[in-house]
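Participant: Got data_19.cif for you, mmCIF, C-alpha atoms:
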```
data_coords
loop_
_atom_site.group_PDB
_atom_site.id
_atom_site.type_symbol
_atom_site.label_atom_id
_atom_site.label_comp_id
_atom_site.auth_asym_id
_atom_site.auth_seq_id
_atom_site.Cartn_x
_atom_site.Cartn_y
_atom_site.Cartn_z
ATOM 1 C CA MET H 1 -20.476 13.164 11.519
ATOM 2 C CA GLY H 2 -22.557 10.757 9.432
ATOM 3 C CA LEU H 3 -21.907 9.852 5.802
ATOM 4 C CA THR H 4 -18.671 10.801 4.097
ATOM 5 C CA ILE H 5 -17.123 10.102 0.714
ATOM 6 C CA GLY H 6 -13.779 8.447 0.093
ATOM 7 C CA VAL H 7 -11.954 8.912 -3.208
ATOM 8 C CA ASP H 8 -9.328 6.506 -4.501
ATOM 9 C CA ILE H 9 -7.197 7.810 -7.392
ATOM 10 C CA GLY H 10 -5.994 4.865 -9.451
ATOM 11 C CA GLY H 11 -3.929 4.651 -12.586
ATOM 12 C CA THR H 12 -6.908 3.725 -14.789
ATOM 13 C CA LYS H 13 -9.949 4.803 -12.742
ATOM 14 C CA ILE H 14 -10.992 7.161 -9.988
ATOM 15 C CA ALA H 15 -13.485 5.645 -7.557
ATOM 16 C CA ALA H 16 -15.636 7.556 -5.069
ATOM 17 C CA GLY H 17 -17.782 5.846 -2.462
ATOM 18 C CA VAL H 18 -20.228 6.923 0.226
ATOM 19 C CA VAL H 19 -19.175 5.310 3.511
ATOM 20 C CA ASP H 20 -21.059 5.128 6.801
ATOM 21 C CA GLU H 21 -19.682 5.177 10.348
ATOM 22 C CA GLU H 22 -19.272 1.392 10.358
ATOM 23 C CA GLY H 23 -17.072 1.419 7.268
ATOM 24 C CA ARG H 24 -19.802 0.129 4.952
ATOM 25 C CA ILE H 25 -19.784 1.401 1.379
ATOM 26 C CA LEU H 26 -23.321 2.471 0.469
ATOM 27 C CA SER H 27 -22.748 3.577 -3.123
ATOM 28 C CA THR H 28 -19.884 4.007 -5.562
ATOM 29 C CA PHE H 29 -19.204 5.952 -8.721
ATOM 30 C CA LYS H 30 -16.229 5.441 -11.024
ATOM 31 C CA VAL H 31 -14.742 7.492 -13.840
ATOM 32 C CA ALA H 32 -11.741 6.897 -16.070
ATOM 33 C CA THR H 33 -8.506 8.542 -14.938
ATOM 34 C CA PRO H 34 -7.719 11.407 -17.346
ATOM 35 C CA PRO H 35 -4.204 11.898 -18.715
ATOM 36 C CA THR H 36 -3.751 15.444 -17.385
ATOM 37 C CA ALA H 37 -3.363 16.763 -13.841
ATOM 38 C CA GLU H 38 -6.186 19.283 -14.233
ATOM 39 C CA GLY H 39 -8.395 16.640 -15.806
ATOM 40 C CA ILE H 40 -7.942 14.488 -12.719
ATOM 41 C CA VAL H 41 -9.343 17.292 -10.548
ATOM 42 C CA ASP H 42 -12.378 17.429 -12.844
ATOM 43 C CA ALA H 43 -12.751 13.650 -12.613
ATOM 44 C CA ILE H 44 -12.552 13.675 -8.807
ATOM 45 C CA CYS H 45 -15.357 16.227 -8.647
ATOM 46 C CA ALA H 46 -17.466 14.233 -11.111
ATOM 47 C CA ALA H 47 -16.962 11.033 -9.106
ATOM 48 C CA VAL H 48 -17.921 12.788 -5.872
ATOM 49 C CA ALA H 49 -21.067 14.198 -7.474
ATOM 50 C CA GLY H 50 -22.033 10.807 -8.868
ATOM 51 C CA ALA H 51 -21.474 8.909 -5.629
ATOM 52 C CA SER H 52 -23.242 11.466 -3.442
ATOM 53 C CA GLU H 53 -26.468 11.471 -5.426
ATOM 54 C CA GLY H 54 -29.309 10.522 -3.076
ATOM 55 C CA HIS H 55 -27.143 10.747 0.052
ATOM 56 C CA ASP H 56 -26.639 13.496 2.634
ATOM 57 C CA VAL H 57 -22.838 13.666 2.603
ATOM 58 C CA GLU H 58 -20.864 15.821 5.039
ATOM 59 C CA ALA H 59 -17.203 15.616 3.938
ATOM 60 C CA VAL H 60 -14.798 14.135 1.376
ATOM 61 C CA GLY H 61 -11.501 12.308 1.888
ATOM 62 C CA ILE H 62 -9.098 11.870 -1.035
ATOM 63 C CA GLY H 63 -6.319 9.283 -1.142
ATOM 64 C CA ALA H 64 -3.470 10.471 -3.381
ATOM 65 C CA ALA H 65 -0.246 8.651 -4.228
ATOM 66 C CA GLY H 66 2.513 11.056 -3.259
ATOM 67 C CA TYR H 67 3.683 13.426 -0.555
ATOM 68 C CA VAL H 68 0.848 15.319 1.139
ATOM 69 C CA ASP H 69 1.634 18.277 3.403
ATOM 70 C CA ASP H 70 1.051 18.351 7.150
ATOM 71 C CA LYS H 71 -2.177 20.332 6.707
ATOM 72 C CA ARG H 72 -3.611 17.499 4.557
ATOM 73 C CA ALA H 73 -4.361 20.010 1.834
ATOM 74 C CA THR H 74 -1.566 20.157 -0.736
ATOM 75 C CA VAL H 75 0.011 17.356 -2.756
ATOM 76 C CA LEU H 76 3.664 18.340 -2.589
ATOM 77 C CA PHE H 77 4.804 15.744 -5.103
ATOM 78 C CA ALA H 78 3.017 12.946 -6.968
ATOM 79 C CA PRO H 79 5.270 10.557 -8.893
ATOM 80 C CA ASN H 80 2.656 9.463 -11.439
ATOM 81 C CA ILE H 81 0.763 12.752 -11.835
ATOM 82 C CA ASN H 82 2.265 16.107 -12.697
ATOM 83 C CA TRP H 83 1.315 17.567 -9.321
ATOM 84 C CA ARG H 84 3.915 19.780 -7.657
ATOM 85 C CA HIS H 85 2.554 21.734 -4.660
ATOM 86 C CA GLU H 86 -0.945 21.089 -5.994
ATOM 87 C CA PRO H 87 -3.617 22.777 -3.776
ATOM 88 C CA LEU H 88 -5.978 19.830 -4.192
ATOM 89 C CA LYS H 89 -8.085 20.479 -1.079
ATOM 90 C CA ASP H 90 -8.915 24.045 -2.115
ATOM 91 C CA LYS H 91 -9.659 23.133 -5.722
ATOM 92 C CA VAL H 92 -12.042 20.308 -4.851
ATOM 93 C CA GLU H 93 -13.729 22.149 -1.984
ATOM 94 C CA GLN H 94 -14.556 25.046 -4.279
ATOM 95 C CA ARG H 95 -16.188 22.671 -6.736
ATOM 96 C CA VAL H 96 -18.085 20.252 -4.483
ATOM 97 C CA GLY H 97 -19.042 22.586 -1.628
ATOM 98 C CA LEU H 98 -17.948 20.161 1.093
ATOM 99 C CA PRO H 99 -14.989 20.002 3.523
ATOM 100 C CA VAL H 100 -12.132 18.010 1.971
ATOM 101 C CA VAL H 101 -9.218 16.127 3.546
ATOM 102 C CA VAL H 102 -6.318 14.969 1.355
ATOM 103 C CA GLU H 103 -4.231 12.025 2.549
ATOM 104 C CA ASN H 104 -1.486 9.825 1.171
ATOM 105 C CA ASP H 105 -3.151 6.750 -0.326
ATOM 106 C CA ALA H 106 -1.093 4.244 1.669
ATOM 107 C CA ASN H 107 -1.883 6.109 4.897
ATOM 108 C CA ALA H 108 -5.574 6.027 3.977
ATOM 109 C CA ALA H 109 -5.445 2.277 3.328
ATOM 110 C CA ALA H 110 -3.606 1.695 6.610
ATOM 111 C CA TRP H 111 -6.253 3.671 8.487
ATOM 112 C CA GLY H 112 -9.021 1.712 6.788
ATOM 113 C CA GLU H 113 -7.468 -1.603 7.855
ATOM 114 C CA TYR H 114 -6.873 -0.326 11.382
ATOM 115 C CA ARG H 115 -10.444 0.891 11.820
ATOM 116 C CA PHE H 116 -12.468 -1.708 9.957
ATOM 117 C CA GLY H 117 -10.162 -4.539 8.875
ATOM 118 C CA ALA H 118 -7.343 -6.672 10.220
ATOM 119 C CA GLY H 119 -6.155 -3.995 12.658
ATOM 120 C CA GLN H 120 -9.283 -3.974 14.806
ATOM 121 C CA GLY H 121 -8.382 -4.597 18.438
ATOM 122 C CA HIS H 122 -4.831 -3.263 18.048
ATOM 123 C CA ASP H 123 -3.587 0.117 19.266
ATOM 124 C CA ASP H 124 -0.210 -0.039 17.505
ATOM 125 C CA VAL H 125 -0.164 -1.232 13.909
ATOM 126 C CA ILE H 126 2.252 -0.952 11.016
ATOM 127 C CA CYS H 127 0.820 -1.574 7.540
ATOM 128 C CA ILE H 128 2.760 -2.337 4.395
ATOM 129 C CA THR H 129 1.363 -2.676 0.897
ATOM 130 C CA LEU H 130 3.179 -5.030 -1.447
ATOM 131 C CA GLY H 131 1.981 -3.882 -4.846
ATOM 132 C CA THR H 132 3.919 -2.693 -7.858
ATOM 133 C CA GLY H 133 5.974 -0.810 -5.278
ATOM 134 C CA LEU H 134 5.958 -0.856 -1.473
ATOM 135 C CA GLY H 135 3.988 1.604 0.655
ATOM 136 C CA GLY H 136 2.986 1.814 4.266
ATOM 137 C CA GLY H 137 1.289 3.495 7.173
ATOM 138 C CA ILE H 138 1.935 3.946 10.898
ATOM 139 C CA ILE H 139 -0.723 3.835 13.624
ATOM 140 C CA ILE H 140 0.732 4.219 17.115
ATOM 141 C CA GLY H 141 -1.410 4.872 20.172
ATOM 142 C CA ASN H 142 -4.537 4.737 17.984
ATOM 143 C CA LYS H 143 -3.327 7.694 15.923
ATOM 144 C CA LEU H 144 -2.120 7.899 12.336
ATOM 145 C CA ARG H 145 1.473 9.131 12.524
ATOM 146 C CA ARG H 146 2.302 11.317 9.544
ATOM 147 C CA GLY H 147 5.480 13.025 10.747
ATOM 148 C CA ARG H 148 6.199 16.725 11.141
ATOM 149 C CA PHE H 149 5.901 17.478 7.424
ATOM 150 C CA GLY H 150 3.260 14.880 6.579
ATOM 151 C CA VAL H 151 5.457 12.502 4.605
ATOM 152 C CA ALA H 152 6.331 9.708 7.051
ATOM 153 C CA ALA H 153 6.009 5.963 6.347
ATOM 154 C CA GLU H 154 7.597 5.955 2.894
ATOM 155 C CA PHE H 155 8.916 2.517 3.789
ATOM 156 C CA GLY H 156 9.558 1.484 0.207
ATOM 157 C CA HIS H 157 12.390 3.986 -0.012
ATOM 158 C CA ILE H 158 14.336 2.868 3.014
ATOM 159 C CA ARG H 159 17.698 1.841 1.578
ATOM 160 C CA VAL H 160 18.358 -1.813 2.433
ATOM 161 C CA VAL H 161 21.272 -2.411 0.038
ATOM 162 C CA PRO H 162 23.960 0.289 -0.162
ATOM 163 C CA ASP H 163 24.615 1.067 -3.842
ATOM 164 C CA GLY H 164 21.987 -1.527 -4.756
ATOM 165 C CA LEU H 165 19.456 -1.570 -7.565
ATOM 166 C CA LEU H 166 18.455 1.776 -9.041
ATOM 167 C CA CYS H 167 14.987 2.842 -7.869
ATOM 168 C CA GLY H 168 12.478 5.005 -9.688
ATOM 169 C CA CYS H 169 12.885 7.584 -6.909
ATOM 170 C CA GLY H 170 16.459 8.143 -8.053
ATOM 171 C CA SER H 171 18.140 6.402 -5.116
ATOM 172 C CA GLN H 172 19.726 2.947 -5.039
ATOM 173 C CA GLY H 173 18.950 -0.129 -2.980
ATOM 174 C CA CYS H 174 15.440 0.856 -1.843
ATOM 175 C CA TRP H 175 13.389 -1.805 -0.065
ATOM 176 C CA GLU H 176 10.714 -1.855 -2.773
ATOM 177 C CA GLN H 177 13.308 -2.968 -5.319
ATOM 178 C CA TYR H 178 13.562 -6.233 -3.349
ATOM 179 C CA ALA H 179 10.062 -6.658 -1.877
ATOM 180 C CA SER H 180 7.296 -5.760 -4.345
ATOM 181 C CA GLY H 181 5.361 -7.136 -7.274
ATOM 182 C CA ARG H 182 7.960 -5.708 -9.628
ATOM 183 C CA ALA H 183 10.720 -7.479 -7.693
ATOM 184 C CA LEU H 184 8.802 -10.776 -7.817
ATOM 185 C CA VAL H 185 8.643 -10.657 -11.613
ATOM 186 C CA ARG H 186 12.350 -9.849 -11.797
ATOM 187 C CA TYR H 187 13.225 -12.805 -9.547
ATOM 188 C CA ALA H 188 11.132 -15.169 -11.653
ATOM 189 C CA LYS H 189 12.624 -13.995 -14.938
ATOM 190 C CA GLN H 190 16.172 -14.283 -13.637
ATOM 191 C CA ARG H 191 15.599 -17.796 -12.324
ATOM 192 C CA ALA H 192 13.691 -18.984 -15.380
ATOM 193 C CA ASN H 193 16.474 -17.722 -17.608
ATOM 194 C CA ALA H 194 19.135 -19.509 -15.527
ATOM 195 C CA THR H 195 17.268 -22.820 -15.092
ATOM 196 C CA PRO H 196 14.424 -23.080 -17.612
ATOM 197 C CA GLU H 197 14.046 -26.784 -16.807
ATOM 198 C CA ASN H 198 12.774 -25.736 -13.353
ATOM 199 C CA ALA H 199 10.263 -23.289 -14.820
ATOM 200 C CA ALA H 200 8.280 -25.515 -17.165
ATOM 201 C CA VAL H 201 4.898 -24.662 -15.642
ATOM 202 C CA LEU H 202 5.712 -20.976 -15.354
ATOM 203 C CA LEU H 203 6.876 -20.659 -18.956
ATOM 204 C CA GLY H 204 3.923 -22.686 -20.170
ATOM 205 C CA LEU H 205 1.470 -20.268 -18.575
ATOM 206 C CA GLY H 206 2.981 -17.385 -20.522
ATOM 207 C CA ASP H 207 4.035 -17.315 -24.143
ATOM 208 C CA GLY H 208 6.864 -19.773 -23.560
ATOM 209 C CA SER H 209 9.506 -17.065 -23.221
ATOM 210 C CA VAL H 210 11.107 -15.513 -20.167
ATOM 211 C CA ASP H 211 10.042 -12.054 -21.325
ATOM 212 C CA GLY H 212 6.405 -13.173 -21.322
ATOM 213 C CA ILE H 213 6.362 -13.923 -17.566
ATOM 214 C CA GLU H 214 3.845 -11.811 -15.618
ATOM 215 C CA GLY H 215 2.848 -11.677 -11.985
ATOM 216 C CA LYS H 216 -0.333 -13.693 -12.515
ATOM 217 C CA HIS H 217 1.712 -16.479 -14.133
ATOM 218 C CA ILE H 218 4.044 -16.653 -11.119
ATOM 219 C CA SER H 219 1.131 -16.976 -8.703
ATOM 220 C CA GLU H 220 -0.541 -19.760 -10.681
ATOM 221 C CA ALA H 221 2.723 -21.590 -11.261
ATOM 222 C CA ALA H 222 3.585 -21.463 -7.555
ATOM 223 C CA ARG H 223 0.202 -22.965 -6.695
ATOM 224 C CA GLN H 224 1.072 -25.796 -9.088
ATOM 225 C CA GLY H 225 4.441 -26.330 -7.405
ATOM 226 C CA ASP H 226 6.684 -24.817 -10.086
ATOM 227 C CA PRO H 227 10.175 -24.614 -8.459
ATOM 228 C CA VAL H 228 11.150 -21.267 -9.966
ATOM 229 C CA ALA H 229 7.841 -19.614 -9.079
ATOM 230 C CA THR H 230 7.928 -20.986 -5.531
ATOM 231 C CA ASP H 231 11.522 -19.899 -5.023
ATOM 232 C CA SER H 232 10.721 -16.425 -6.340
ATOM 233 C CA PHE H 233 8.002 -15.985 -3.717
ATOM 234 C CA ARG H 234 10.429 -17.149 -1.046
ATOM 235 C CA GLU H 235 12.982 -14.560 -2.141
ATOM 236 C CA LEU H 236 10.420 -11.768 -2.011
ATOM 237 C CA ALA H 237 9.242 -12.985 1.399
ATOM 238 C CA ARG H 238 12.824 -13.107 2.697
ATOM 239 C CA TRP H 239 13.272 -9.407 1.964
ATOM 240 C CA ALA H 240 9.797 -8.464 3.181
ATOM 241 C CA GLY H 241 10.187 -10.291 6.493
ATOM 242 C CA ALA H 242 13.641 -8.874 7.124
ATOM 243 C CA GLY H 243 12.263 -5.376 6.570
ATOM 244 C CA LEU H 244 9.431 -6.002 9.024
ATOM 245 C CA ALA H 245 12.015 -7.063 11.618
ATOM 246 C CA ASP H 246 13.737 -3.700 11.181
ATOM 247 C CA LEU H 247 10.411 -1.883 11.523
ATOM 248 C CA ALA H 248 9.738 -3.837 14.725
ATOM 249 C CA SER H 249 12.951 -2.411 16.158
ATOM 250 C CA LEU H 250 11.712 1.094 15.315
ATOM 251 C CA PHE H 251 8.038 0.939 16.279
ATOM 252 C CA ASP H 252 7.410 -2.256 18.325
ATOM 253 C CA PRO H 253 3.812 -2.720 17.064
ATOM 254 C CA SER H 254 1.497 -5.489 18.167
ATOM 255 C CA ALA H 255 0.653 -6.278 14.538
ATOM 256 C CA PHE H 256 1.909 -5.862 11.009
ATOM 257 C CA ILE H 257 -0.768 -5.855 8.327
ATOM 258 C CA VAL H 258 0.347 -6.886 4.861
ATOM 259 C CA GLY H 259 -1.800 -5.683 1.962
ATOM 260 C CA GLY H 260 -1.414 -4.974 -1.730
ATOM 261 C CA GLY H 261 -1.726 -7.219 -4.751
ATOM 262 C CA VAL H 262 1.082 -9.592 -3.744
ATOM 263 C CA SER H 263 -0.650 -10.318 -0.423
ATOM 264 C CA ASP H 264 -3.704 -11.586 -2.314
ATOM 265 C CA GLU H 265 -1.816 -14.882 -2.568
ATOM 266 C CA GLY H 266 -2.477 -15.468 1.128
ATOM 267 C CA GLU H 267 -0.354 -18.014 2.940
ATOM 268 C CA LEU H 268 1.720 -18.622 -0.183
ATOM 269 C CA VAL H 269 3.505 -15.381 0.655
ATOM 270 C CA LEU H 270 2.485 -14.675 4.270
ATOM 271 C CA ASP H 271 3.864 -17.879 5.791
ATOM 272 C CA PRO H 272 7.404 -17.339 4.422
ATOM 273 C CA ILE H 273 7.207 -13.635 5.402
ATOM 274 C CA ARG H 274 6.460 -14.689 8.992
ATOM 275 C CA LYS H 275 9.371 -17.127 8.966
ATOM 276 C CA SER H 276 11.742 -14.467 7.661
ATOM 277 C CA PHE H 277 10.448 -11.960 10.208
ATOM 278 C CA ARG H 278 11.164 -14.367 13.055
ATOM 279 C CA ARG H 279 14.571 -15.187 11.576
ATOM 280 C CA TRP H 280 15.730 -11.566 11.487
ATOM 281 C CA LEU H 281 13.984 -10.144 14.580
ATOM 282 C CA ILE H 282 16.668 -9.001 16.999
ATOM 283 C CA GLY H 283 16.299 -10.817 20.304
ATOM 284 C CA GLY H 284 13.456 -12.752 18.769
ATOM 285 C CA GLU H 285 13.939 -15.731 21.067
ATOM 286 C CA TRP H 286 13.324 -13.584 24.132
ATOM 287 C CA ARG H 287 10.869 -10.866 23.098
ATOM 288 C CA PRO H 288 7.168 -10.886 22.158
ATOM 289 C CA HIS H 289 6.497 -11.233 18.436
ATOM 290 C CA ALA H 290 4.127 -8.950 16.585
ATOM 291 C CA GLN H 291 1.470 -10.741 14.580
ATOM 292 C CA VAL H 292 1.836 -10.653 10.795
ATOM 293 C CA LEU H 293 -1.701 -10.462 9.418
ATOM 294 C CA ALA H 294 -3.260 -10.399 5.977
ATOM 295 C CA ALA H 295 -5.169 -7.247 5.076
ATOM 296 C CA GLN H 296 -8.936 -7.798 4.992
ATOM 297 C CA LEU H 297 -10.375 -4.921 2.986
ATOM 298 C CA GLY H 298 -8.505 -5.509 -0.267
ATOM 299 C CA GLY H 299 -8.883 -2.750 -2.816
ATOM 300 C CA LYS H 300 -11.524 -0.995 -0.682
ATOM 301 C CA ALA H 301 -9.111 -0.059 2.114
ATOM 302 C CA GLY H 302 -7.976 3.262 0.678
ATOM 303 C CA LEU H 303 -11.468 4.476 -0.146
ATOM 304 C CA VAL H 304 -12.896 3.453 3.226
ATOM 305 C CA GLY H 305 -9.908 4.875 5.095
ATOM 306 C CA ALA H 306 -10.018 8.206 3.255
ATOM 307 C CA ALA H 307 -13.726 8.538 4.033
ATOM 308 C CA ASP H 308 -13.162 7.829 7.693
ATOM 309 C CA LEU H 309 -10.265 10.297 7.927
ATOM 310 C CA ALA H 310 -12.586 12.937 6.476
ATOM 311 C CA ARG H 311 -15.059 12.039 9.239
ATOM 312 C CA GLN H 312 -12.338 12.490 11.867
ATOM 313 C CA GLY H 313 -11.792 16.012 10.512
#
```
Would you put the structure from the file into C-alpha cells?
Facilitator:
Amino acid sequence: MGLTIGVDIGGTKIAAGVVDEEGRILSTFKVATPPTAEGIVDAICAAVAGASEGHDVEAVGIGAAGYVDDKRATVLFAPNINWRHEPLKDKVEQRVGLPVVVENDANAAAWGEYRFGAGQGHDDVICITLGTGLGGGIIIGNKLRRGRFGVAAEFGHIRVVPDGLLCGCGSQGCWEQYASGRALVRYAKQRANATPENAAVLLGLGDGSVDGIEGKHISEAARQGDPVATDSFRELARWAGAGLADLASLFDPSAFIVGGGVSDEGELVLDPIRKSFRRWLIGGEWRPHAQVLAAQLGGKAGLVGAADLARQG
C-alpha cells in the first residue's frame, strides 16, 4: 500500500496528514475541534478531504483518545468526547470512501516512534507519554500489543499508591497522578507555597503568586537553576522511573521511549528518570538494563503512526 492518511484528534484542532511508506508527511490539513461528538466526525471527514487533495490515498488511520475495541472500529469510551460505543470506522468510511482503521492515540504514537523514530532497531519497546496525563503503548516481537479487548497499555491508571490521590478516572493513586505534567505543576505549587524563598525565579516568571505557576514557568525556572523547579522535576522523574522499573518486570523490553510534552525538556527530565529507573529495577545490578530514550517524532508521532497502522491493514 502506498500513501495513507493519519488523523490526530486534539483538544483544539484535528490534524490530517498524507504519509508515505517512509513515514514522511507530504501534506497536512487542520480544522478546529468542534464542541460536539457528531461535529467531530464531520471535522475528521473535512480534514481527510483537505489533506488528500492532489494525492492518491488508499486508507485512513484515526488516533482517538479512549478505549477502542479489538476490531479497531468502535470507540468504546472517550473521556473528553461524548463517545460511548461510537461506530467511528463505519461513519467515516461511509463519508470518505476509503478503508478506515481506528486506534488509541497513545498506541498510534508508540507505533510511530517504533517504526520511524527512537524505536528503530528494537523489537521490544514500551512507550510512555508524559503529557497532561500518562499514556503508553506496547510493542513486543515487532507487534503492537492491544490486549484481548483492545484496551491494553493504559499505564496511567495503574494504581501505584493505595488510597492515593483521586484520579479523573474515578480511582485513587493512579500513576499519572504522580508522573505527568499535571503532577509537575502540583509539585511546584506545593513547594513554592512551603518555601517561597527557594522559588524566586519560578514565581517571578509567573504573576508572582503560587496560583499563577504553569508548566512553562517550571521548565524555564529549572533551566535557570531555581531550587523548587529543579526539585519538582526530580520528584516527577522519581515516580516515572520507578514505574518504568515495574514495567521492565512485566515486559522486559530493550528500550523505553519517553514522549509527551514533559519529555520536551530533554535531559532535564530524562537523566533523573534513568537514575530512578536504575534505582528501582529489581536485580538491577545483575541484569541488562533497557535503554531509556527520548521520543524523536514529537507531536507528529500519533499522526504518522495512525497512517502506518492503516497501511498495515
Participant: Give me the result of the PyMOL selection byres ((chain H and resi 125) around 7) on this file, residue by residue, as a PyMOL selection string.
Facilitator: chain H and resi 119+122-124+126-127+138-140+253-256
Participant: Atoms to include: C-alpha atoms. Write the selected residues as a PDB file, in the coordinates of the input.
Facilitator:
```pdb
ATOM      1  CA  GLY H 119      -6.155  -3.995  12.658  1.00  0.00           C
ATOM      2  CA  HIS H 122      -4.831  -3.263  18.048  1.00  0.00           C
ATOM      3  CA  ASP H 123      -3.587   0.117  19.266  1.00  0.00           C
ATOM      4  CA  ASP H 124      -0.210  -0.039  17.505  1.00  0.00           C
ATOM      5  CA  ILE H 126       2.252  -0.952  11.016  1.00  0.00           C
ATOM      6  CA  CYS H 127       0.820  -1.574   7.540  1.00  0.00           C
ATOM      7  CA  ILE H 138       1.935   3.946  10.898  1.00  0.00           C
ATOM      8  CA  ILE H 139      -0.723   3.835  13.624  1.00  0.00           C
ATOM      9  CA  ILE H 140       0.732   4.219  17.115  1.00  0.00           C
ATOM     10  CA  PRO H 253       3.812  -2.720  17.064  1.00  0.00           C
ATOM     11  CA  SER H 254       1.497  -5.489  18.167  1.00  0.00           C
ATOM     12  CA  ALA H 255       0.653  -6.278  14.538  1.00  0.00           C
ATOM     13  CA  PHE H 256       1.909  -5.862  11.009  1.00  0.00           C
TER      14      PHE H 256
END
```
Participant: How would you write, as a list in words, the residues chosen by the PyMOL selection byres ((chain H and resi 71-86) around 8) on this structure?
Facilitator: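 This file gives the following for the PyMOL selection byres ((chain H and resi 71-86) around 8): Thr36, Ala37, Ala64, Ala65, Gly66, Tyr67, Val68, Asp69, Asp70, Pro87, Leu88, Lys89, Asp90, Val101, Val102, Glu103 and Gly150 of chain H.
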Participant: Taking into account all atoms listed in the file, which residue in the set H:Leu236, H:Ala16, H:Ile25, H:Ile9 is nearest to H:Leu268?
Facilitator: H:Leu236
Participant: One decimal, Å: what's the distance from atom CA of H:Ala51 over to atom CA of H:Ile5, could you say?
Facilitator: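 If I compute the distance from atom CA of H:Ala51 to atom CA of H:Ile5, I get 7.8 Å.
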Participant: For this structure, which residues satisfy the selection - the PyMOL selection byres ((chain H and resi 309) around 9) - when it is evaluated on the file as given? I want them as an MDAnalysis selection string.
Facilitator: chainID H and resid 6 60:61 101:103 108 111:112 304:308 310:313
Participant: How far is it from atom CA of H:Leu202 to atom CA of H:Leu166, in Å with one decimal?
Facilitator: 26.8 Å
Participant: For H:Lys275, work out the shell of residues within 8 Å, counting only C-alpha atoms and skipping chain neighbours fewer than 4 positions away, then give it as a CSV table (one decimal) with C-alpha atoms, keeping the file's coordinate frame.
Facilitator:
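What follows is the written file selection17.csv:
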```csv
chain,number,residue,atom,x,y,z
H,241,GLY,CA,10.2,-10.3,6.5
H,271,ASP,CA,3.9,-17.9,5.8
H,279,ARG,CA,14.6,-15.2,11.6
```
Participant: Could you give me, as a PyMOL selection string, the residues that sit within 9 Å of (-9.9, -11.8, 0.2) in the file's coordinates, counting all atoms listed in the file?
Facilitator: chain H and resi 264+266+294-298
Participant: With a distance cut-off of 7 Å and all atoms listed in the file, select the neighbouring residues of H:Asp20, excluding the residue or stretch itself and same-chain residues fewer than 6 positions from it, and output the selection as an MDAnalysis selection string.
Facilitator: chainID H and resid 2:4
Participant: Given the choices H:Ala221, H:Leu184, H:Met1, H:Ala49, which gets closest to H:Arg238 if the distance is worked out from all atoms listed in the file?
Facilitator: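 The shortest atom-to-atom distance to H:Arg238 comes from H:Leu184.
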Participant: Rank H:Asn193, H:Ile273, H:Phe116, H:Ser171 by their smallest atom-to-atom distance to H:Glu22, using all atoms listed in the file, and report the top residue only.
Facilitator: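 For H:Glu22, the nearest of the given residues is H:Phe116.
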Participant: Find the spatial neighbours of stretch 203-215 of chain H, counting all atoms listed in the file, within a cut-off of 9 Å - ignore same-chain residues fewer than 2 positions away - and output them as a PyMOL selection string.
Facilitator: chain H and resi 181-182+184-185+188-190+192-193+196+199-201+217-221+262
Participant: Counting all atoms listed in the file, which residues have an atom no more than 12 Å from (10.7, -5.6, 7.4) in the file's coordinates? Please list them as a PyMOL selection string.
Facilitator: chain H and resi 126-130+134-136+155-156+158-160+175-176+178-179+236-252+256-258+273-282+290+292
Participant: Between atom CA of H:Arg24 and atom CA of H:Glu113, what is the distance in Å, rounded to a tenth?
Facilitator: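 For atom CA of H:Arg24 relative to atom CA of H:Glu113, the distance reads 12.8 Å.
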Participant: Nearest residue to H:Asp231 out of H:Arg191, H:Lys143, H:Lys216, H:His55, using only C-alpha atoms?
Facilitator: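 Under the stated criterion, the closest residue is H:Arg191.
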Participant: Find, counting all atoms listed in the file, the residue in H:Val161, H:Ala47, H:Ala32, H:Ala153 that gets nearest to H:Asn107.
Facilitator: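 Looking only at the distances to H:Asn107, the closest residue turns out to be H:Ala153.
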Participant: Would you please work out which residue, of H:Val228, H:Ala222, H:Ala106, H:Ala183, is nearest to H:Ala152 when using only C-alpha atoms?
Facilitator: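 Ranking H:Val228, H:Ala222, H:Ala106, H:Ala183 by distance to H:Ala152, first place goes to H:Ala106.
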Participant: Considering all atoms listed in the file, return as a list of chain:residue names whatever protein or nucleic-acid residues lie within 12 Å of H:Val31, sequence-local ones (same chain, fewer than 6 positions apart) excluded.
Facilitator: H:Val7, H:Asp8, H:Ile9, H:Gly10, H:Gly11, H:Thr12, H:Lys13, H:Ile14, H:Ala15, H:Ala16, H:Gly17, H:Gly39, H:Ile40, H:Val41, H:Asp42, H:Ala43, H:Ile44, H:Cys45, H:Ala46, H:Ala47, H:Val48, H:Ala49, H:Gly50, H:Ala51
Participant: For stretch 56-69 of chain H, take all atoms listed in the file, fit an axis-aligned box around them, add 3 Å to each of the six sides, then output centre and edge lengths in Å rounded to one decimal, as lines of an AutoDock Vina configuration file.
Facilitator:
```
center_x = -11.5
center_y = 13.5
center_z = 0.4
size_x = 36.3
size_y = 15.6
size_z = 15.3
```
